[in-house]
Structures are given as C-alpha cells and as structure tokens.
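Trainee: Sharing run.pdb here; it has PDB, C-alpha atoms.
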```pdb
ATOM      1  CA  MET D 254     -15.832  24.868   5.152  1.00  0.00           C
ATOM      2  CA  SER D 255     -14.334  22.209   7.367  1.00  0.00           C
ATOM      3  CA  LYS D 256     -11.010  20.759   6.301  1.00  0.00           C
ATOM      4  CA  SER D 257     -10.569  16.997   6.191  1.00  0.00           C
ATOM      5  CA  VAL D 258      -7.917  15.563   8.467  1.00  0.00           C
ATOM      6  CA  ARG D 259      -5.408  13.296   6.780  1.00  0.00           C
ATOM      7  CA  ILE D 260      -2.930  11.368   8.863  1.00  0.00           C
ATOM      8  CA  LEU D 261       0.013  10.081   6.883  1.00  0.00           C
ATOM      9  CA  ARG D 262       2.052   7.495   8.731  1.00  0.00           C
ATOM     10  CA  SER D 263       5.748   6.883   8.337  1.00  0.00           C
ATOM     11  CA  HIS D 264       7.214   3.725   6.914  1.00  0.00           C
ATOM     12  CA  PRO D 265      10.285   2.397   8.798  1.00  0.00           C
ATOM     13  CA  ASN D 266      12.364   2.577   5.593  1.00  0.00           C
ATOM     14  CA  GLU D 267      11.133   5.905   4.253  1.00  0.00           C
ATOM     15  CA  ASN D 268      13.582   8.646   3.461  1.00  0.00           C
ATOM     16  CA  PRO D 269      12.783  12.239   4.548  1.00  0.00           C
ATOM     17  CA  SER D 270      15.452  13.800   2.319  1.00  0.00           C
ATOM     18  CA  VAL D 271      13.955  12.038  -0.727  1.00  0.00           C
ATOM     19  CA  GLN D 272      10.531  13.261   0.351  1.00  0.00           C
ATOM     20  CA  ARG D 273      11.775  16.864   0.533  1.00  0.00           C
ATOM     21  CA  ARG D 274      13.107  16.574  -3.028  1.00  0.00           C
ATOM     22  CA  LEU D 275       9.850  14.978  -4.133  1.00  0.00           C
ATOM     23  CA  GLU D 276       7.862  17.820  -2.612  1.00  0.00           C
ATOM     24  CA  LYS D 277       9.846  20.372  -4.588  1.00  0.00           C
ATOM     25  CA  VAL D 278       9.475  18.379  -7.805  1.00  0.00           C
ATOM     26  CA  ILE D 279       5.708  17.906  -7.373  1.00  0.00           C
ATOM     27  CA  ILE D 280       5.031  21.546  -6.584  1.00  0.00           C
ATOM     28  CA  LYS D 281       7.319  22.802  -9.330  1.00  0.00           C
ATOM     29  CA  HIS D 282       5.638  20.578 -11.888  1.00  0.00           C
ATOM     30  CA  ARG D 283       2.113  21.494 -10.807  1.00  0.00           C
ATOM     31  CA  ASP D 284       2.635  25.201 -10.980  1.00  0.00           C
ATOM     32  CA  GLY D 285       4.995  25.338 -13.897  1.00  0.00           C
ATOM     33  CA  ASP D 286       6.053  28.929 -14.235  1.00  0.00           C
ATOM     34  CA  SER D 287       2.884  30.363 -12.745  1.00  0.00           C
ATOM     35  CA  GLY D 288       4.652  31.218  -9.500  1.00  0.00           C
ATOM     36  CA  GLN D 289       1.672  30.170  -7.450  1.00  0.00           C
ATOM     37  CA  TYR D 290       3.905  28.468  -4.921  1.00  0.00           C
ATOM     38  CA  VAL D 291       7.026  29.632  -3.180  1.00  0.00           C
ATOM     39  CA  ILE D 292       9.478  26.908  -2.187  1.00  0.00           C
ATOM     40  CA  LYS D 293      10.989  27.757   1.157  1.00  0.00           C
ATOM     41  CA  LYS D 294      14.351  26.494   2.308  1.00  0.00           C
ATOM     42  CA  GLY D 295      14.048  23.109   4.014  1.00  0.00           C
ATOM     43  CA  GLY D 296      11.429  21.843   1.609  1.00  0.00           C
ATOM     44  CA  ASP D 297       8.307  23.455   3.053  1.00  0.00           C
ATOM     45  CA  SER D 298       5.980  25.040   0.588  1.00  0.00           C
ATOM     46  CA  LYS D 299       3.495  27.841   0.886  1.00  0.00           C
ATOM     47  CA  ARG D 300       0.960  29.442  -1.429  1.00  0.00           C
ATOM     48  CA  SER D 301       1.815  32.971  -2.413  1.00  0.00           C
ATOM     49  CA  HIS D 302      -1.804  33.812  -3.339  1.00  0.00           C
ATOM     50  CA  GLY D 303      -1.128  33.730  -7.043  1.00  0.00           C
ATOM     51  CA  LYS D 304       1.609  36.348  -7.040  1.00  0.00           C
ATOM     52  CA  LYS D 305       4.375  35.920  -9.526  1.00  0.00           C
ATOM     53  CA  LYS D 306       7.624  35.206  -7.832  1.00  0.00           C
TER
ATOM     54  CA  MET Z 944      14.561 -17.570  17.133  1.00  0.00           C
ATOM     55  CA  ALA Z 945      12.835 -16.312  20.269  1.00  0.00           C
ATOM     56  CA  LYS Z 946       9.279 -15.150  19.701  1.00  0.00           C
ATOM     57  CA  LYS Z 947       8.682 -11.442  20.050  1.00  0.00           C
ATOM     58  CA  SER Z 948       5.809 -10.654  22.340  1.00  0.00           C
ATOM     59  CA  SER Z 949       6.057  -6.864  22.525  1.00  0.00           C
ATOM     60  CA  LEU Z 950       3.915  -4.853  20.169  1.00  0.00           C
ATOM     61  CA  HIS Z 951       5.535  -2.894  17.379  1.00  0.00           C
ATOM     62  CA  PRO Z 952       4.804   0.844  17.932  1.00  0.00           C
ATOM     63  CA  ASP Z 953       2.880   1.010  14.629  1.00  0.00           C
ATOM     64  CA  TYR Z 954       1.278  -2.412  15.024  1.00  0.00           C
ATOM     65  CA  SER Z 955      -2.301  -1.209  14.657  1.00  0.00           C
ATOM     66  CA  CYS Z 956      -1.397   0.830  11.532  1.00  0.00           C
ATOM     67  CA  ASN Z 957       0.727  -1.756   9.737  1.00  0.00           C
ATOM     68  CA  VAL Z 958      -0.888  -3.666   6.879  1.00  0.00           C
ATOM     69  CA  PHE Z 959       0.945  -6.703   5.545  1.00  0.00           C
ATOM     70  CA  ILE Z 960       0.515  -7.028   1.797  1.00  0.00           C
ATOM     71  CA  ASN Z 961       0.685 -10.558   0.450  1.00  0.00           C
ATOM     72  CA  CYS Z 962       0.017 -10.008  -3.223  1.00  0.00           C
ATOM     73  CA  PRO Z 963       1.605 -10.850  -6.575  1.00  0.00           C
ATOM     74  CA  PHE Z 964       4.455  -8.595  -7.654  1.00  0.00           C
ATOM     75  CA  ASP Z 965       4.291  -9.284 -11.405  1.00  0.00           C
ATOM     76  CA  ASP Z 966       3.752  -6.551 -13.993  1.00  0.00           C
ATOM     77  CA  ALA Z 967       0.205  -7.623 -14.835  1.00  0.00           C
ATOM     78  CA  TYR Z 968      -0.841  -7.182 -11.206  1.00  0.00           C
ATOM     79  CA  LYS Z 969       0.965  -3.856 -10.760  1.00  0.00           C
ATOM     80  CA  PRO Z 970      -2.108  -1.614 -11.343  1.00  0.00           C
ATOM     81  CA  ILE Z 971      -3.950  -3.342  -8.489  1.00  0.00           C
ATOM     82  CA  LEU Z 972      -0.885  -3.447  -6.233  1.00  0.00           C
ATOM     83  CA  GLN Z 973      -0.187   0.271  -6.695  1.00  0.00           C
ATOM     84  CA  ALA Z 974      -3.853   1.101  -6.068  1.00  0.00           C
ATOM     85  CA  LEU Z 975      -3.666  -0.922  -2.850  1.00  0.00           C
ATOM     86  CA  TYR Z 976      -0.532   0.936  -1.676  1.00  0.00           C
ATOM     87  CA  PHE Z 977      -2.246   4.257  -2.360  1.00  0.00           C
ATOM     88  CA  THR Z 978      -5.446   3.244  -0.550  1.00  0.00           C
ATOM     89  CA  ILE Z 979      -3.610   2.035   2.527  1.00  0.00           C
ATOM     90  CA  ILE Z 980      -1.504   5.206   2.781  1.00  0.00           C
ATOM     91  CA  ASP Z 981      -4.452   7.531   2.102  1.00  0.00           C
ATOM     92  CA  CYS Z 982      -6.448   5.764   4.828  1.00  0.00           C
ATOM     93  CA  GLY Z 983      -3.666   6.485   7.335  1.00  0.00           C
ATOM     94  CA  PHE Z 984      -2.122   3.017   7.451  1.00  0.00           C
ATOM     95  CA  ILE Z 985       1.332   1.742   6.492  1.00  0.00           C
ATOM     96  CA  PRO Z 986       1.794  -0.832   3.722  1.00  0.00           C
ATOM     97  CA  ARG Z 987       4.365  -3.476   4.626  1.00  0.00           C
ATOM     98  CA  CYS Z 988       5.614  -6.173   2.295  1.00  0.00           C
ATOM     99  CA  ALA Z 989       8.583  -8.334   1.419  1.00  0.00           C
ATOM    100  CA  LEU Z 990       9.744  -5.762  -1.164  1.00  0.00           C
ATOM    101  CA  GLU Z 991      10.450  -3.120   1.456  1.00  0.00           C
ATOM    102  CA  ALA Z 992      13.691  -4.575   2.820  1.00  0.00           C
ATOM    103  CA  ASN Z 993      16.828  -4.733   0.751  1.00  0.00           C
ATOM    104  CA  ASN Z 994      19.032  -6.533   3.231  1.00  0.00           C
ATOM    105  CA  SER Z 995      19.677  -9.532   1.045  1.00  0.00           C
ATOM    106  CA  ASP Z 996      21.459 -11.455   3.783  1.00  0.00           C
ATOM    107  CA  ASP Z 997      18.159 -12.099   5.554  1.00  0.00           C
ATOM    108  CA  ILE Z 998      16.439 -15.388   4.884  1.00  0.00           C
ATOM    109  CA  ARG Z 999      13.286 -14.443   2.983  1.00  0.00           C
ATOM    110  CA  ILE Z1000      10.858 -16.392   5.132  1.00  0.00           C
ATOM    111  CA  GLU Z1001      12.330 -14.871   8.306  1.00  0.00           C
ATOM    112  CA  LYS Z1002      11.957 -11.431   6.783  1.00  0.00           C
ATOM    113  CA  ILE Z1003       8.298 -12.139   5.975  1.00  0.00           C
ATOM    114  CA  LEU Z1004       7.623 -13.558   9.439  1.00  0.00           C
ATOM    115  CA  ASN Z1005       9.173 -10.472  11.033  1.00  0.00           C
ATOM    116  CA  ILE Z1006       6.967  -8.183   8.951  1.00  0.00           C
ATOM    117  CA  ILE Z1007       3.864 -10.260   9.771  1.00  0.00           C
ATOM    118  CA  SER Z1008       4.699 -10.026  13.473  1.00  0.00           C
ATOM    119  CA  GLU Z1009       4.654  -6.220  13.168  1.00  0.00           C
ATOM    120  CA  CYS Z1010       1.277  -6.041  11.372  1.00  0.00           C
ATOM    121  CA  LYS Z1011      -2.201  -6.155  12.835  1.00  0.00           C
ATOM    122  CA  PHE Z1012      -3.754  -6.299   9.371  1.00  0.00           C
ATOM    123  CA  GLY Z1013      -3.042  -8.511   6.381  1.00  0.00           C
ATOM    124  CA  ILE Z1014      -4.268  -8.382   2.793  1.00  0.00           C
ATOM    125  CA  HIS Z1015      -3.867 -11.629   0.870  1.00  0.00           C
ATOM    126  CA  ASP Z1016      -4.619 -11.798  -2.825  1.00  0.00           C
ATOM    127  CA  ILE Z1017      -4.799 -15.395  -4.031  1.00  0.00           C
ATOM    128  CA  SER Z1018      -5.908 -14.503  -7.562  1.00  0.00           C
ATOM    129  CA  ARG Z1019      -2.577 -15.569  -9.045  1.00  0.00           C
ATOM    130  CA  THR Z1020      -2.668 -19.056  -7.567  1.00  0.00           C
ATOM    131  CA  GLU Z1021      -2.474 -20.631 -10.990  1.00  0.00           C
ATOM    132  CA  LEU Z1022      -0.174 -22.710 -13.120  1.00  0.00           C
ATOM    133  CA  ASP Z1023       2.955 -20.995 -14.359  1.00  0.00           C
ATOM    134  CA  ALA Z1024       3.072 -21.151 -18.146  1.00  0.00           C
ATOM    135  CA  ALA Z1025       6.797 -21.862 -18.223  1.00  0.00           C
ATOM    136  CA  THR Z1026       7.091 -24.470 -15.479  1.00  0.00           C
ATOM    137  CA  GLY Z1027       3.590 -25.926 -15.392  1.00  0.00           C
ATOM    138  CA  LEU Z1028       3.710 -25.640 -11.612  1.00  0.00           C
ATOM    139  CA  PRO Z1029       1.397 -23.575  -9.396  1.00  0.00           C
ATOM    140  CA  ARG Z1030       2.627 -20.480  -7.578  1.00  0.00           C
ATOM    141  CA  PHE Z1031       2.232 -21.144  -3.882  1.00  0.00           C
ATOM    142  CA  ASN Z1032       3.848 -18.139  -2.228  1.00  0.00           C
ATOM    143  CA  MET Z1033       0.590 -16.285  -1.629  1.00  0.00           C
ATOM    144  CA  PRO Z1034      -1.255 -19.274  -0.062  1.00  0.00           C
ATOM    145  CA  LEU Z1035       1.870 -20.038   2.004  1.00  0.00           C
ATOM    146  CA  GLU Z1036       2.027 -16.509   3.410  1.00  0.00           C
ATOM    147  CA  LEU Z1037      -1.737 -16.527   3.991  1.00  0.00           C
ATOM    148  CA  GLY Z1038      -1.270 -19.712   6.002  1.00  0.00           C
ATOM    149  CA  MET Z1039       1.562 -18.114   7.990  1.00  0.00           C
ATOM    150  CA  PHE Z1040      -0.646 -15.105   8.784  1.00  0.00           C
ATOM    151  CA  ILE Z1041      -3.572 -17.324   9.836  1.00  0.00           C
ATOM    152  CA  GLY Z1042      -1.187 -19.288  12.063  1.00  0.00           C
ATOM    153  CA  CYS Z1043       0.106 -16.094  13.668  1.00  0.00           C
ATOM    154  CA  LYS Z1044      -3.463 -14.925  14.247  1.00  0.00           C
ATOM    155  CA  ARG Z1045      -4.431 -18.251  15.772  1.00  0.00           C
ATOM    156  CA  TYR Z1046      -1.395 -18.871  17.957  1.00  0.00           C
ATOM    157  CA  GLY Z1047       0.267 -15.466  18.279  1.00  0.00           C
ATOM    158  CA  PRO Z1048      -0.105 -13.131  21.247  1.00  0.00           C
ATOM    159  CA  ASN Z1049      -1.625 -10.205  19.348  1.00  0.00           C
ATOM    160  CA  GLU Z1050      -4.952  -9.552  17.643  1.00  0.00           C
ATOM    161  CA  LYS Z1051      -4.876  -9.793  13.847  1.00  0.00           C
ATOM    162  CA  SER Z1052      -7.338  -9.333  10.997  1.00  0.00           C
ATOM    163  CA  TYR Z1053      -6.948 -10.437   7.435  1.00  0.00           C
ATOM    164  CA  LEU Z1054      -8.687  -9.925   4.121  1.00  0.00           C
ATOM    165  CA  ILE Z1055      -8.602 -12.500   1.341  1.00  0.00           C
ATOM    166  CA  LEU Z1056      -8.964 -11.199  -2.208  1.00  0.00           C
ATOM    167  CA  ASP Z1057      -9.563 -13.172  -5.369  1.00  0.00           C
ATOM    168  CA  SER Z1058     -10.464 -12.371  -8.952  1.00  0.00           C
ATOM    169  CA  GLU Z1059     -13.520 -14.635  -9.229  1.00  0.00           C
ATOM    170  CA  LYS Z1060     -16.143 -15.869  -6.809  1.00  0.00           C
ATOM    171  CA  TYR Z1061     -15.588 -19.445  -5.580  1.00  0.00           C
ATOM    172  CA  ARG Z1062     -12.386 -19.864  -7.610  1.00  0.00           C
ATOM    173  CA  PHE Z1063     -10.577 -20.627  -4.344  1.00  0.00           C
ATOM    174  CA  ARG Z1064     -12.622 -23.827  -3.960  1.00  0.00           C
ATOM    175  CA  GLU Z1065     -10.528 -25.411  -6.686  1.00  0.00           C
ATOM    176  CA  CYS Z1066      -7.180 -24.660  -5.029  1.00  0.00           C
ATOM    177  CA  ILE Z1067      -7.616 -23.838  -1.297  1.00  0.00           C
ATOM    178  CA  SER Z1068     -10.920 -25.331  -0.245  1.00  0.00           C
ATOM    179  CA  ASP Z1069      -9.923 -25.156   3.448  1.00  0.00           C
ATOM    180  CA  ILE Z1070     -10.639 -21.434   3.482  1.00  0.00           C
ATOM    181  CA  ALA Z1071     -14.286 -22.035   2.544  1.00  0.00           C
ATOM    182  CA  GLY Z1072     -16.733 -20.292   4.834  1.00  0.00           C
ATOM    183  CA  GLN Z1073     -14.654 -17.132   5.079  1.00  0.00           C
ATOM    184  CA  ASP Z1074     -15.738 -13.870   3.541  1.00  0.00           C
ATOM    185  CA  ILE Z1075     -13.535 -13.719   0.461  1.00  0.00           C
ATOM    186  CA  LYS Z1076     -13.807 -10.474  -1.471  1.00  0.00           C
ATOM    187  CA  ILE Z1077     -13.698 -10.282  -5.247  1.00  0.00           C
ATOM    188  CA  HIS Z1078     -11.868  -7.529  -7.150  1.00  0.00           C
ATOM    189  CA  ALA Z1079     -12.509  -8.993 -10.639  1.00  0.00           C
ATOM    190  CA  ASP Z1080      -9.026  -7.757 -11.667  1.00  0.00           C
ATOM    191  CA  SER Z1081     -10.265  -4.178 -11.307  1.00  0.00           C
ATOM    192  CA  PRO Z1082      -8.000  -1.762  -9.377  1.00  0.00           C
ATOM    193  CA  GLN Z1083     -10.986   0.491  -8.631  1.00  0.00           C
ATOM    194  CA  THR Z1084     -12.925  -2.397  -7.110  1.00  0.00           C
ATOM    195  CA  ALA Z1085      -9.849  -3.395  -5.099  1.00  0.00           C
ATOM    196  CA  VAL Z1086      -9.626   0.155  -3.716  1.00  0.00           C
ATOM    197  CA  ARG Z1087     -13.236   0.092  -2.547  1.00  0.00           C
ATOM    198  CA  VAL Z1088     -13.016  -3.399  -1.058  1.00  0.00           C
ATOM    199  CA  VAL Z1089      -9.807  -2.670   0.871  1.00  0.00           C
ATOM    200  CA  ARG Z1090     -11.011   0.742   2.069  1.00  0.00           C
ATOM    201  CA  ASP Z1091     -14.308  -0.712   3.320  1.00  0.00           C
ATOM    202  CA  TRP Z1092     -12.495  -3.560   5.057  1.00  0.00           C
ATOM    203  CA  LEU Z1093     -10.035  -1.186   6.767  1.00  0.00           C
ATOM    204  CA  ARG Z1094     -12.955   0.995   7.845  1.00  0.00           C
ATOM    205  CA  GLU Z1095     -14.775  -1.954   9.374  1.00  0.00           C
ATOM    206  CA  LYS Z1096     -11.833  -3.622  11.064  1.00  0.00           C
ATOM    207  CA  SER Z1097     -10.115  -0.478  12.379  1.00  0.00           C
ATOM    208  CA  GLN Z1098     -13.355   1.233  13.423  1.00  0.00           C
ATOM    209  CA  ARG Z1099     -11.808   4.483  12.231  1.00  0.00           C
ATOM    210  CA  THR Z1100     -14.356   7.026  11.085  1.00  0.00           C
ATOM    211  CA  THR Z1101     -12.006   9.372   9.212  1.00  0.00           C
ATOM    212  CA  LEU Z1102     -11.330   7.213   6.160  1.00  0.00           C
ATOM    213  CA  PRO Z1103     -12.215   8.762   2.799  1.00  0.00           C
ATOM    214  CA  SER Z1104     -14.660   6.765   0.703  1.00  0.00           C
ATOM    215  CA  GLY Z1105     -13.491   4.458  -2.048  1.00  0.00           C
ATOM    216  CA  VAL Z1106     -14.559   6.772  -4.875  1.00  0.00           C
ATOM    217  CA  VAL Z1107     -12.676   9.699  -3.347  1.00  0.00           C
ATOM    218  CA  ILE Z1108      -9.525   7.588  -2.966  1.00  0.00           C
ATOM    219  CA  TRP Z1109      -9.843   6.341  -6.546  1.00  0.00           C
ATOM    220  CA  ARG Z1110     -10.112   9.881  -7.966  1.00  0.00           C
ATOM    221  CA  LYS Z1111      -6.981  10.919  -6.050  1.00  0.00           C
ATOM    222  CA  PHE Z1112      -5.160   7.794  -7.215  1.00  0.00           C
ATOM    223  CA  GLU Z1113      -5.961   8.603 -10.837  1.00  0.00           C
ATOM    224  CA  GLN Z1114      -4.656  12.133 -10.328  1.00  0.00           C
ATOM    225  CA  PHE Z1115      -1.505  10.802  -8.680  1.00  0.00           C
ATOM    226  CA  GLU Z1116      -0.900   8.303 -11.502  1.00  0.00           C
ATOM    227  CA  ALA Z1117      -1.302  11.090 -14.053  1.00  0.00           C
ATOM    228  CA  GLU Z1118       1.373  13.149 -12.291  1.00  0.00           C
ATOM    229  CA  LEU Z1119       3.717  10.241 -11.614  1.00  0.00           C
ATOM    230  CA  PRO Z1120       5.588  10.319 -14.967  1.00  0.00           C
ATOM    231  CA  ASN Z1121       6.552  13.945 -14.376  1.00  0.00           C
ATOM    232  CA  ILE Z1122       7.455  13.236 -10.766  1.00  0.00           C
ATOM    233  CA  CYS Z1123       9.753  10.435 -11.914  1.00  0.00           C
ATOM    234  CA  ALA Z1124      11.271  12.638 -14.615  1.00  0.00           C
ATOM    235  CA  GLY Z1125      11.940  15.342 -12.018  1.00  0.00           C
ATOM    236  CA  MET Z1126      13.585  12.812  -9.723  1.00  0.00           C
ATOM    237  CA  ASN Z1127      15.540  11.180 -12.551  1.00  0.00           C
ATOM    238  CA  TRP Z1128      13.775   7.880 -11.878  1.00  0.00           C
ATOM    239  CA  ASP Z1129      12.628   5.286 -14.399  1.00  0.00           C
ATOM    240  CA  ILE Z1130       8.901   4.855 -13.788  1.00  0.00           C
ATOM    241  CA  ASN Z1131       9.126   1.176 -14.725  1.00  0.00           C
ATOM    242  CA  GLU Z1132      11.782   0.503 -12.132  1.00  0.00           C
ATOM    243  CA  LEU Z1133      10.371   2.276  -9.098  1.00  0.00           C
ATOM    244  CA  SER Z1134      11.229   0.511  -5.877  1.00  0.00           C
ATOM    245  CA  PHE Z1135       8.578  -0.062  -3.251  1.00  0.00           C
ATOM    246  CA  ILE Z1136      10.055   2.567  -0.969  1.00  0.00           C
ATOM    247  CA  ASP Z1137      10.350   5.206  -3.719  1.00  0.00           C
ATOM    248  CA  TYR Z1138       6.740   4.550  -4.652  1.00  0.00           C
ATOM    249  CA  PHE Z1139       5.785   4.900  -0.973  1.00  0.00           C
ATOM    250  CA  ASN Z1140       7.774   8.151  -0.685  1.00  0.00           C
ATOM    251  CA  SER Z1141       6.059   9.474  -3.827  1.00  0.00           C
ATOM    252  CA  ILE Z1142       2.532   8.684  -2.624  1.00  0.00           C
ATOM    253  CA  LYS Z1143       3.074  10.030   0.877  1.00  0.00           C
ATOM    254  CA  THR Z1144       4.696  13.246  -0.342  1.00  0.00           C
ATOM    255  CA  TRP Z1145       2.070  13.739  -3.068  1.00  0.00           C
ATOM    256  CA  LEU Z1146      -0.776  13.292  -0.575  1.00  0.00           C
ATOM    257  CA  GLY Z1147       0.961  15.682   1.795  1.00  0.00           C
ATOM    258  CA  VAL Z1148       0.896  18.528  -0.737  1.00  0.00           C
ATOM    259  CA  THR Z1149      -2.485  17.722  -2.290  1.00  0.00           C
ATOM    260  CA  PRO Z1150      -5.568  19.318  -0.731  1.00  0.00           C
TER
END
```
Render the structure in this file as structure tokens.
Mentor:
Amino acid sequence: MSKSVRILRSHPNENPSVQRRLEKVIIKHRDGDSGQYVIKKGGDSKRSHGKKK
Amino acid sequence: MAKKSSLHPDYSCNVFINCPFDDAYKPILQALYFTIIDCGFIPRCALEANNSDDIRIEKILNIISECKFGIHDISRTELDAATGLPRFNMPLELGMFIGCKRYGPNEKSYLILDSEKYRFRECISDIAGQDIKIHADSPQTAVRVVRDWLREKSQRTTLPSGVVIWRKFEQFEAELPNICAGMNWDINELSFIDYFNSIKTWLGVTP
C-alpha cells in the first residue's frame, strides 16, 4: 500500500523543544501502558511491534 | 518604512488569517489552523507575535507582506452589543490585503468567507462580483471550502480531501484535553503558537 506524503512546514515562532515534549505526551497518552511505543532519547519515537517494554 | 521587495523564503506556503478571535468563532478558527497545517501550509496571523512594542498595524502589514495567500472571514462584521458600533478590523485587513495584491510586487490570492450568502452586500458592497464562499458557521464546511481553495490556488495535488482533514481534526480535538493535561496547559488559554505546535506534532506522529 502506498503511503501518503505529508509535508509539515515550520512556523517562524515554533518551538522544537516544546514539540519534542508534545510528541512524548501524545504517544504516552495514546498507548497508555500498552508499551506499543518506545520513546527514544531526543524525542523520536518508534513502534516496538506490540512488545511490552 | 522602506517597502520590502524580496520574497520571504516561505512566501508561497504562508497563509494570512484575517478572522475573528472571539470564543464563539474559535471552533472555525481552530479548524482553519488544522486544515492549513495539514495541507502543508503555514498559518500566519496577528496572534503569533508577542512583541508588544510593535505597532499592531505594522505587525499585520509585515505578516501580509510575507504571505502569498490570505483568508478573510467577514462574518463578524456586525454591531457590537455593548458599544453599538460595527467591528471593522476584518474589512480593514481585507482592504490592506487587496491593496498589497493590487500594488505590491508579489502575486497574492485571497479567499473571502462569510456566514450567509449576499450578507456582505449590506456592509461591504464594493466586494460584489467576487466569489465569496459561505461556511454557514460550520467548521466542517469551512474546512472543505479552505482546502478546496488552497488546492485550486496552489495547484498542489497532494492535499488530502476535506472529509479526510475533518476526520483527523475531530480525532485531534478529542485528544487535545489529554495533550494539554500532559503539558500542564489550560485548554481554554492555549496560545496560537502552542496550538500550532500541538497540531504539527500531532500530525507528525499520526499515520
């Protein structure tokens, strides 16, 4: 299946450190305690294929 | 002030938003922010800058000069209940944008939104003959109208359709209270830039 391409532009006043915190909050909330996501240092996230962390 | 003639690096992605900022309009305004970001553009408005020493009209003119696109909602051009006077900021900024398009060095496109067909004839009859789009105070209609206009004017073929954007917006709005709780933010006092950060980050981690 082809993946859609989304281009997200940057606002001149946006704040990358806030966005990194937001990313952690969003992923944590979505997955609760299911452990579906692993939060890597630096704010990147990656699926862990459903494994409990 | 000397006129800037050089193009802003994001000129063709910047969308000036000239809309009401009151609570009643917030559902439409937030849907517009989401649509613009999801379509790969950048919403720009007077709320984005917090440097209070700038003269407001200069700030608005600077933002307009950096935007190829402008969205102007004149649906709140009505008498204020407290003062009995009309609110003219939106028509004023629409006029500034039209002037920049007419006399400025760079190509511009603008969209005029209203809540009812032909209502503008009673307050700004000079804009008659232009294609004014109606949102009927519906955020979902506003999403579709703005998406379709951006698609047409930008000639970009990668924009999601209005229904797809609306579904994502509903999902985002459902998650927003928890996002705000996690960030220790009051959802009723979100600044423009925090709302922007939230949408962009949410879209970035949402398939």
Trainee: What separation in Å, quoted to one decimal, exists between CA of Cys956 in chain Z and CA of Glu1009 in chain Z?
Mentor: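 Going from CA of Cys956 in chain Z over to CA of Glu1009 in chain Z, I get 9.4 Å.
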Trainee: Just give me the gap between CA of Phe1135 in chain Z and CA of Leu1102 in chain Z in Å, one decimal is fine.
Mentor: 23.2 Å
Trainee: Running the PyMOL selection byres ((chain D) within 7 of (chain Z)) on this model by hand, what would come out? Give it as a list in words.
Mentor: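 Written out, the selection comes to Ile260, Leu261, Arg262, His264, Asn266, Glu267, Gln272, Leu275, Glu276, Val278 and Ile279 of chain D.
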Trainee: Go ahead and save the picked residues with C-alpha atoms, as a PDB file, keeping the file's coordinate frame.
Mentor:
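Output contents, as saved in part.pdb:
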```
ATOM      1  CA  ILE D 260      -2.930  11.368   8.863  1.00  0.00           C
ATOM      2  CA  LEU D 261       0.013  10.081   6.883  1.00  0.00           C
ATOM      3  CA  ARG D 262       2.052   7.495   8.731  1.00  0.00           C
ATOM      4  CA  HIS D 264       7.214   3.725   6.914  1.00  0.00           C
ATOM      5  CA  ASN D 266      12.364   2.577   5.593  1.00  0.00           C
ATOM      6  CA  GLU D 267      11.133   5.905   4.253  1.00  0.00           C
ATOM      7  CA  GLN D 272      10.531  13.261   0.351  1.00  0.00           C
ATOM      8  CA  LEU D 275       9.850  14.978  -4.133  1.00  0.00           C
ATOM      9  CA  GLU D 276       7.862  17.820  -2.612  1.00  0.00           C
ATOM     10  CA  VAL D 278       9.475  18.379  -7.805  1.00  0.00           C
ATOM     11  CA  ILE D 279       5.708  17.906  -7.373  1.00  0.00           C
TER      12      ILE D 279
END
```
Trainee: Within 12 Å of range 1061-1072 of chain Z, counting only C-alpha atoms, which residues qualify if same-chain residues fewer than 2 places away don't, as a list in words?
Mentor: Asp1016, Ile1017, Ser1018, Arg1019, Thr1020, Glu1021, Leu1022, Pro1029, Arg1030, Phe1031, Met1033, Pro1034, Leu1035, Leu1037, Gly1038, Ile1041, Leu1054, Ile1055, Leu1056, Asp1057, Ser1058, Glu1059, Asp1074, Ile1075, Lys1076, Ile1077 and Ala1079 of chain Z
Trainee: Grab the CA of Ala1085 in chain Z to CA of Asn1131 in chain Z distance for me, in Å with one decimal place.
Mentor: 21.8 Å
Trainee: Please evaluate the PyMOL selection byres ((chain Z and resi 1088) around 10) against the structure above and give the resulting residues as a list of chain:residue names.
Mentor: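 So the PyMOL selection byres ((chain Z and resi 1088) around 10) ends up selecting Z:Leu975, Z:Leu1054, Z:Leu1056, Z:Lys1076, Z:Ile1077, Z:His1078, Z:Pro1082, Z:Gln1083, Z:Thr1084, Z:Ala1085, Z:Val1086, Z:Arg1087, Z:Val1089, Z:Arg1090, Z:Asp1091, Z:Trp1092, Z:Leu1093, Z:Arg1094, Z:Gly1105.
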Trainee: I would like the residues chosen by the PyMOL selection byres ((chain Z and resi 1048) around 12) on the shown file; could you give them as a list of chain:residue names?
Mentor: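 Those residues are Z:Lys946, Z:Lys947, Z:Ser948, Z:Ser949, Z:Leu950, Z:Ser1008, Z:Glu1009, Z:Lys1011, Z:Gly1042, Z:Cys1043, Z:Lys1044, Z:Arg1045, Z:Tyr1046, Z:Gly1047, Z:Asn1049, Z:Glu1050, Z:Lys1051.
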Trainee: Fewer than 5 positions away in the same chain doesn't count, so skip those; otherwise give me all residues within 6 Å of Phe959 in chain Z, counting only C-alpha atoms, as a PDB file with C-alpha atoms, keeping the file's coordinate frame.
Mentor:
```
ATOM      1  CA  ARG Z 987       4.365  -3.476   4.626  1.00  0.00           C
ATOM      2  CA  CYS Z 988       5.614  -6.173   2.295  1.00  0.00           C
ATOM      3  CA  CYS Z1010       1.277  -6.041  11.372  1.00  0.00           C
ATOM      4  CA  GLY Z1013      -3.042  -8.511   6.381  1.00  0.00           C
TER       5      GLY Z1013
END
```
